[in-house]
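Coordinates from my_file-v9.tsv are shown below (TSV, N, CA and C atoms).
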chain	number	residue	atom	x	y	z
A	1	MET	N	-5.27	-15.67	-2.35
A	1	MET	CA	-3.85	-15.52	-2.08
A	1	MET	C	-3.68	-14.21	-1.32
A	2	GLN	N	-2.75	-14.22	-0.38
A	2	GLN	CA	-2.58	-13.00	0.42
A	2	GLN	C	-1.19	-12.39	0.31
A	3	GLN	N	-0.22	-13.11	-0.25
A	3	GLN	CA	1.13	-12.55	-0.31
A	3	GLN	C	1.89	-13.11	-1.49
A	4	VAL	N	2.67	-12.24	-2.13
A	4	VAL	CA	3.63	-12.66	-3.14
A	4	VAL	C	4.90	-11.84	-2.93
A	5	ASP	N	6.03	-12.53	-2.88
A	5	ASP	CA	7.33	-11.87	-2.77
A	5	ASP	C	8.18	-12.35	-3.94
A	6	VAL	N	8.83	-11.40	-4.60
A	6	VAL	CA	9.73	-11.74	-5.70
A	6	VAL	C	11.08	-12.13	-5.11
A	7	LEU	N	11.60	-13.26	-5.58
A	7	LEU	CA	12.89	-13.78	-5.13
A	7	LEU	C	13.87	-13.77	-6.30
A	8	PRO	N	15.16	-13.92	-6.01
A	8	PRO	CA	16.13	-13.98	-7.11
A	8	PRO	C	15.88	-15.18	-8.02
A	9	ASP	N	16.41	-15.10	-9.22
A	9	ASP	CA	16.43	-16.20	-10.19
A	9	ASP	C	15.03	-16.58	-10.66
A	10	TYR	N	14.17	-15.58	-10.85
A	10	TYR	CA	12.83	-15.78	-11.41
A	10	TYR	C	11.96	-16.71	-10.57
A	11	ARG	N	12.01	-16.50	-9.26
A	11	ARG	CA	11.21	-17.29	-8.34
A	11	ARG	C	10.31	-16.35	-7.54
A	12	LEU	N	9.22	-16.92	-7.04
A	12	LEU	CA	8.27	-16.20	-6.20
A	12	LEU	C	8.01	-17.01	-4.94
A	13	PHE	N	7.77	-16.32	-3.85
A	13	PHE	CA	7.24	-16.94	-2.65
A	13	PHE	C	5.79	-16.50	-2.56
A	14	VAL	N	4.87	-17.45	-2.35
A	14	VAL	CA	3.46	-17.10	-2.25
A	14	VAL	C	2.85	-17.70	-0.99
A	15	ARG	N	1.85	-17.00	-0.46
A	15	ARG	CA	1.08	-17.50	0.69
A	15	ARG	C	-0.40	-17.31	0.37
A	16	PHE	N	-1.15	-18.38	0.57
A	16	PHE	CA	-2.58	-18.37	0.32
A	16	PHE	C	-3.33	-18.03	1.60
A	17	LEU	N	-4.59	-17.68	1.45
A	17	LEU	CA	-5.41	-17.26	2.59
A	17	LEU	C	-5.53	-18.33	3.66
A	18	ASP	N	-5.45	-19.60	3.29
A	18	ASP	CA	-5.57	-20.68	4.28
A	18	ASP	C	-4.25	-21.01	4.96
A	19	GLY	N	-3.19	-20.24	4.64
A	19	GLY	CA	-1.89	-20.44	5.27
A	19	GLY	C	-0.92	-21.27	4.45
A	20	LEU	N	-1.40	-21.94	3.40
A	20	LEU	CA	-0.50	-22.70	2.53
A	20	LEU	C	0.50	-21.74	1.90
A	21	GLU	N	1.77	-22.12	1.93
A	21	GLU	CA	2.79	-21.28	1.31
A	21	GLU	C	3.79	-22.15	0.58
A	22	GLY	N	4.45	-21.54	-0.39
A	22	GLY	CA	5.44	-22.27	-1.16
A	22	GLY	C	6.06	-21.37	-2.21
A	23	TYR	N	6.70	-22.00	-3.17
A	23	TYR	CA	7.49	-21.28	-4.16
A	23	TYR	C	7.00	-21.56	-5.57
A	24	VAL	N	7.20	-20.57	-6.43
A	24	VAL	CA	6.92	-20.70	-7.86
A	24	VAL	C	8.23	-20.45	-8.57
A	25	ASN	N	8.66	-21.41	-9.37
A	25	ASN	CA	9.90	-21.30	-10.12
A	25	ASN	C	9.55	-21.12	-11.59
A	26	MET	N	9.84	-19.93	-12.14
A	26	MET	CA	9.44	-19.63	-13.51
A	26	MET	C	10.59	-19.59	-14.49
A	27	LYS	N	11.81	-19.77	-14.05
A	27	LYS	CA	12.97	-19.55	-14.91
A	27	LYS	C	12.96	-20.44	-16.16
A	28	SER	N	12.80	-21.73	-16.00
A	28	SER	CA	12.83	-22.63	-17.16
A	28	SER	C	11.74	-22.26	-18.16
A	29	PHE	N	10.56	-21.97	-17.64
A	29	PHE	CA	9.45	-21.60	-18.52
A	29	PHE	C	9.73	-20.30	-19.26
A	30	LEU	N	10.19	-19.28	-18.54
A	30	LEU	CA	10.40	-17.97	-19.17
A	30	LEU	C	11.44	-18.01	-20.28
A	31	PHE	N	12.42	-18.88	-20.17
A	31	PHE	CA	13.48	-18.93	-21.17
A	31	PHE	C	13.28	-20.08	-22.16
A	32	SER	N	12.05	-20.59	-22.22
A	32	SER	CA	11.74	-21.66	-23.17
A	32	SER	C	10.99	-21.08	-24.37
A	33	ASP	N	10.84	-21.89	-25.39
A	33	ASP	CA	10.08	-21.49	-26.57
A	33	ASP	C	8.59	-21.37	-26.27
A	34	GLN	N	8.13	-21.96	-25.17
A	34	GLN	CA	6.72	-21.93	-24.81
A	34	GLN	C	6.33	-20.67	-24.01
A	35	ALA	N	7.25	-19.79	-23.75
A	35	ALA	CA	6.98	-18.62	-22.90
A	35	ALA	C	5.92	-17.70	-23.49
A	36	GLY	N	5.85	-17.59	-24.79
A	36	GLY	CA	4.86	-16.71	-25.43
A	36	GLY	C	4.91	-15.31	-24.88
A	37	VAL	N	3.75	-14.77	-24.48
A	37	VAL	CA	3.68	-13.40	-23.97
A	37	VAL	C	4.45	-13.23	-22.67
A	38	PHE	N	4.68	-14.33	-21.95
A	38	PHE	CA	5.43	-14.26	-20.69
A	38	PHE	C	6.92	-13.99	-20.93
A	39	ALA	N	7.40	-14.09	-22.16
A	39	ALA	CA	8.81	-13.82	-22.46
A	39	ALA	C	9.22	-12.41	-22.03
A	40	ASP	N	8.26	-11.50	-21.96
A	40	ASP	CA	8.56	-10.13	-21.51
A	40	ASP	C	9.09	-10.13	-20.07
A	41	LEU	N	8.75	-11.16	-19.31
A	41	LEU	CA	9.20	-11.22	-17.91
A	41	LEU	C	10.65	-11.68	-17.78
A	42	ARG	N	11.30	-11.97	-18.89
A	42	ARG	CA	12.75	-12.28	-18.86
A	42	ARG	C	13.53	-11.07	-18.37
A	43	ASP	N	12.98	-9.90	-18.59
A	43	ASP	CA	13.59	-8.66	-18.10
A	43	ASP	C	13.42	-8.64	-16.58
A	44	PRO	N	14.53	-8.71	-15.83
A	44	PRO	CA	14.43	-8.78	-14.36
A	44	PRO	C	13.63	-7.63	-13.76
A	45	ASP	N	13.75	-6.44	-14.32
A	45	ASP	CA	12.99	-5.30	-13.78
A	45	ASP	C	11.49	-5.52	-13.97
A	46	ARG	N	11.12	-6.09	-15.06
A	46	ARG	CA	9.69	-6.37	-15.32
A	46	ARG	C	9.20	-7.48	-14.39
A	47	PHE	N	10.02	-8.52	-14.21
A	47	PHE	CA	9.62	-9.63	-13.34
A	47	PHE	C	9.35	-9.16	-11.92
A	48	THR	N	10.15	-8.22	-11.44
A	48	THR	CA	9.99	-7.74	-10.06
A	48	THR	C	8.72	-6.92	-9.85
A	49	GLN	N	7.97	-6.65	-10.91
A	49	GLN	CA	6.73	-5.89	-10.79
A	49	GLN	C	5.53	-6.78	-10.43
A	50	ALA	N	5.79	-8.03	-10.07
A	50	ALA	CA	4.72	-8.94	-9.67
A	50	ALA	C	3.92	-8.34	-8.52
A	51	ALA	N	2.61	-8.49	-8.60
A	51	ALA	CA	1.72	-7.97	-7.56
A	51	ALA	C	0.48	-8.87	-7.48
A	52	LEU	N	-0.26	-8.72	-6.41
A	52	LEU	CA	-1.53	-9.44	-6.27
A	52	LEU	C	-2.68	-8.55	-6.72
A	53	VAL	N	-3.51	-9.09	-7.59
A	53	VAL	CA	-4.72	-8.41	-8.03
A	53	VAL	C	-5.85	-9.43	-7.98
A	54	TYR	N	-6.82	-9.16	-7.12
A	54	TYR	CA	-7.95	-10.08	-6.94
A	54	TYR	C	-7.50	-11.52	-6.67
A	55	GLY	N	-6.43	-11.67	-5.88
A	55	GLY	CA	-5.97	-12.99	-5.48
A	55	GLY	C	-5.12	-13.73	-6.47
A	56	ALA	N	-4.71	-13.07	-7.54
A	56	ALA	CA	-3.85	-13.70	-8.54
A	56	ALA	C	-2.55	-12.92	-8.69
A	57	VAL	N	-1.45	-13.63	-8.94
A	57	VAL	CA	-0.18	-12.98	-9.22
A	57	VAL	C	-0.27	-12.40	-10.63
A	58	THR	N	-0.01	-11.10	-10.73
A	58	THR	CA	-0.13	-10.43	-12.02
A	58	THR	C	1.08	-9.53	-12.27
A	59	TRP	N	1.24	-9.18	-13.55
A	59	TRP	CA	2.25	-8.23	-13.99
A	59	TRP	C	1.58	-7.26	-14.95
A	60	PRO	N	2.17	-6.08	-15.12
A	60	PRO	CA	1.63	-5.15	-16.11
A	60	PRO	C	1.55	-5.82	-17.48
A	61	GLY	N	0.55	-5.45	-18.25
A	61	GLY	CA	0.37	-6.04	-19.56
A	61	GLY	C	-0.60	-7.21	-19.54
A	62	ASP	N	-1.42	-7.28	-18.48
A	62	ASP	CA	-2.43	-8.33	-18.35
A	62	ASP	C	-1.85	-9.74	-18.29
A	63	LEU	N	-0.68	-9.89	-17.70
A	63	LEU	CA	-0.10	-11.21	-17.49
A	63	LEU	C	-0.45	-11.68	-16.09
A	64	ASP	N	-0.91	-12.93	-15.96
A	64	ASP	CA	-1.20	-13.45	-14.64
A	64	ASP	C	-1.03	-14.97	-14.63
A	65	LEU	N	-0.92	-15.50	-13.42
A	65	LEU	CA	-0.78	-16.94	-13.22
A	65	LEU	C	-2.07	-17.50	-12.63
A	66	ALA	N	-2.41	-18.70	-13.04
A	66	ALA	CA	-3.62	-19.35	-12.55
A	66	ALA	C	-3.44	-19.75	-11.08
A	67	PRO	N	-4.17	-19.12	-10.17
A	67	PRO	CA	-3.98	-19.45	-8.75
A	67	PRO	C	-4.39	-20.87	-8.40
A	68	ASP	N	-5.36	-21.44	-9.09
A	68	ASP	CA	-5.80	-22.81	-8.77
A	68	ASP	C	-4.71	-23.83	-9.06
A	69	ALA	N	-4.10	-23.73	-10.23
A	69	ALA	CA	-3.02	-24.66	-10.59
A	69	ALA	C	-1.83	-24.48	-9.65
A	70	MET	N	-1.53	-23.23	-9.33
A	70	MET	CA	-0.44	-22.93	-8.41
A	70	MET	C	-0.69	-23.57	-7.05
A	71	TYR	N	-1.89	-23.39	-6.54
A	71	TYR	CA	-2.26	-23.93	-5.23
A	71	TYR	C	-2.11	-25.45	-5.21
A	72	ASP	N	-2.66	-26.11	-6.23
A	72	ASP	CA	-2.62	-27.57	-6.27
A	72	ASP	C	-1.20	-28.11	-6.27
A	73	GLN	N	-0.32	-27.51	-7.06
A	73	GLN	CA	1.07	-27.97	-7.13
A	73	GLN	C	1.82	-27.70	-5.84
A	74	ILE	N	1.61	-26.54	-5.26
A	74	ILE	CA	2.30	-26.20	-4.01
A	74	ILE	C	1.80	-27.11	-2.89
A	75	LYS	N	0.51	-27.39	-2.86
A	75	LYS	CA	-0.02	-28.29	-1.83
A	75	LYS	C	0.57	-29.69	-1.98
A	76	ALA	N	0.77	-30.13	-3.21
A	76	ALA	CA	1.28	-31.49	-3.47
A	76	ALA	C	2.77	-31.61	-3.20
A	77	VAL	N	3.57	-30.62	-3.65
A	77	VAL	CA	5.03	-30.78	-3.58
A	77	VAL	C	5.78	-29.58	-3.03
A	78	GLY	N	5.06	-28.52	-2.63
A	78	GLY	CA	5.71	-27.36	-2.03
A	78	GLY	C	6.26	-26.33	-3.00
A	79	GLU	N	6.20	-26.65	-4.29
A	79	GLU	CA	6.74	-25.73	-5.29
A	79	GLU	C	6.02	-25.98	-6.61
A	80	TRP	N	5.82	-24.90	-7.37
A	80	TRP	CA	5.25	-25.02	-8.71
A	80	TRP	C	6.34	-24.65	-9.69
A	81	ASN	N	6.81	-25.63	-10.43
A	81	ASN	CA	7.82	-25.42	-11.46
A	81	ASN	C	7.13	-25.34	-12.81
A	82	LEU	N	7.02	-24.13	-13.32
A	82	LEU	CA	6.43	-23.99	-14.64
A	82	LEU	C	7.43	-24.50	-15.67
A	83	ALA	N	6.96	-25.26	-16.60
A	83	ALA	CA	7.85	-25.80	-17.63
A	83	ALA	C	7.23	-25.68	-18.98

Rewrite the coordinates I just gave you, this time as structure tokens.
Amino acid sequence: MQQVDVLPDYRLFVRFLDGLEGYVNMKSFLFSDQAGVFADLRDPDRFTQAALVYGAVTWPGDLDLAPDAMYDQIKAVGEWNLA
């Protein structure tokens, strides 16, 4: 992955090294009972700290998203809606 931009409403824009790009929508997941450790990202200031580390979207506190699953969903439908 080569780019991640934080967007309003708990969304991300991502671009992979091969040029594939799309969106990650985390809002439903973050505010669900399944959020677990990701519930900390409900804080908008914390969510905006998203960064790329070794090709994965990460946040402080060792939180990261699986780039493979993200890639597959974005390639299939243009967006990864975590639920």

Nearest to Asp9 (chain A) by atom-to-atom distance, counting all atoms listed in the file, from A:Asp33, A:Gln73, A:Asn25, A:Pro67: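 Counting all atoms listed in the file, the residue closest to Asp9 (chain A) is A:Asn25.
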
Who sits within 8 Å of Thr48 (chain A), only N, CA and C atoms, same chain under 5 positions skipped, as a PyMOL selection string: chain A and resi 5-7+41+43+59

Between CA of Phe31 (chain A) and CA of Ala66 (chain A) - distance in Å to one decimal: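 Distance reported for this atom pair: 19.2 Å.
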
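Note that the spacing between CA of Gly22 (chain A) and CA of Phe47 (chain A) amounts to 18.0 Å.
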
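Here CA of Val37 (chain A) is placed at a distance of 20.8 Å from CA of Val4 (chain A).
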
Nearest residue to Leu17 (chain A) from the set A:Gly78, A:Gln2, A:Ala51, A:Met70 (distances using only C-alpha atoms):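 Smallest separation from Leu17 (chain A) among the options: A:Gln2.
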
Shell of 6.5 Å around Ile74 (chain A), all atoms listed in the file, local chain residues under 6 positions omitted, as a PyMOL selection string: chain A and resi 21-23+80

Pick from A:Leu20, A:Leu12, A:Met1, A:Ala35, whichever lies nearest to Ala83 (chain A) using all atoms listed in the file: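 Smallest distance to Ala83 (chain A) is found for A:Ala35.
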
Hey, what does DSSP flag as strand (DSSP E or B) within region 2-47 of chain A? Can you give it to me as a short mmCIF file (atom, residue, chain, number, x, y, z; two decimals) with N, CA and C atoms, in the coordinates of the input?
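The new file part_19.cif reads:
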data_model
loop_
_atom_site.label_atom_id
_atom_site.label_comp_id
_atom_site.auth_asym_id
_atom_site.auth_seq_id
_atom_site.Cartn_x
_atom_site.Cartn_y
_atom_site.Cartn_z
N GLN A 3 -0.22 -13.11 -0.25
CA GLN A 3 1.13 -12.55 -0.31
C GLN A 3 1.89 -13.11 -1.49
N VAL A 4 2.67 -12.24 -2.13
CA VAL A 4 3.63 -12.66 -3.14
C VAL A 4 4.90 -11.84 -2.93
N ASP A 5 6.03 -12.53 -2.88
CA ASP A 5 7.33 -11.87 -2.77
C ASP A 5 8.18 -12.35 -3.94
N VAL A 6 8.83 -11.40 -4.60
CA VAL A 6 9.73 -11.74 -5.70
C VAL A 6 11.08 -12.13 -5.11
N LEU A 7 11.60 -13.26 -5.58
CA LEU A 7 12.89 -13.78 -5.13
C LEU A 7 13.87 -13.77 -6.30
N ARG A 11 12.01 -16.50 -9.26
CA ARG A 11 11.21 -17.29 -8.34
C ARG A 11 10.31 -16.35 -7.54
N LEU A 12 9.22 -16.92 -7.04
CA LEU A 12 8.27 -16.20 -6.20
C LEU A 12 8.01 -17.01 -4.94
N PHE A 13 7.77 -16.32 -3.85
CA PHE A 13 7.24 -16.94 -2.65
C PHE A 13 5.79 -16.50 -2.56
N VAL A 14 4.87 -17.45 -2.35
CA VAL A 14 3.46 -17.10 -2.25
C VAL A 14 2.85 -17.70 -0.99
N ARG A 15 1.85 -17.00 -0.46
CA ARG A 15 1.08 -17.50 0.69
C ARG A 15 -0.40 -17.31 0.37
N GLU A 21 1.77 -22.12 1.93
CA GLU A 21 2.79 -21.28 1.31
C GLU A 21 3.79 -22.15 0.58
N GLY A 22 4.45 -21.54 -0.39
CA GLY A 22 5.44 -22.27 -1.16
C GLY A 22 6.06 -21.37 -2.21
N TYR A 23 6.70 -22.00 -3.17
CA TYR A 23 7.49 -21.28 -4.16
C TYR A 23 7.00 -21.56 -5.57
N VAL A 24 7.20 -20.57 -6.43
CA VAL A 24 6.92 -20.70 -7.86
C VAL A 24 8.23 -20.45 -8.57
N ASN A 25 8.66 -21.41 -9.37
CA ASN A 25 9.90 -21.30 -10.12
C ASN A 25 9.55 -21.12 -11.59
#

Option closest in space to Phe38 (chain A), from A:Arg11, A:Ala56, A:Glu79, A:Gly61 [counting only C-alpha atoms]: A:Gly61

DSSP alpha helix (DSSP H) selection over chain A, as a ChimeraX atom specification: /A:27-30,44-47,67-77

Which residue of A:Val57, A:Leu82, A:Ala76, A:Leu63 approaches Gln3 (chain A) most closely, using only C-alpha atoms: A:Val57

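Between Tyr71 (chain A) and the residues A:Phe16, A:Tyr10, A:Tyr54, A:Phe29, the shortest atom-to-atom distance, using only C-alpha atoms, involves A:Phe16.
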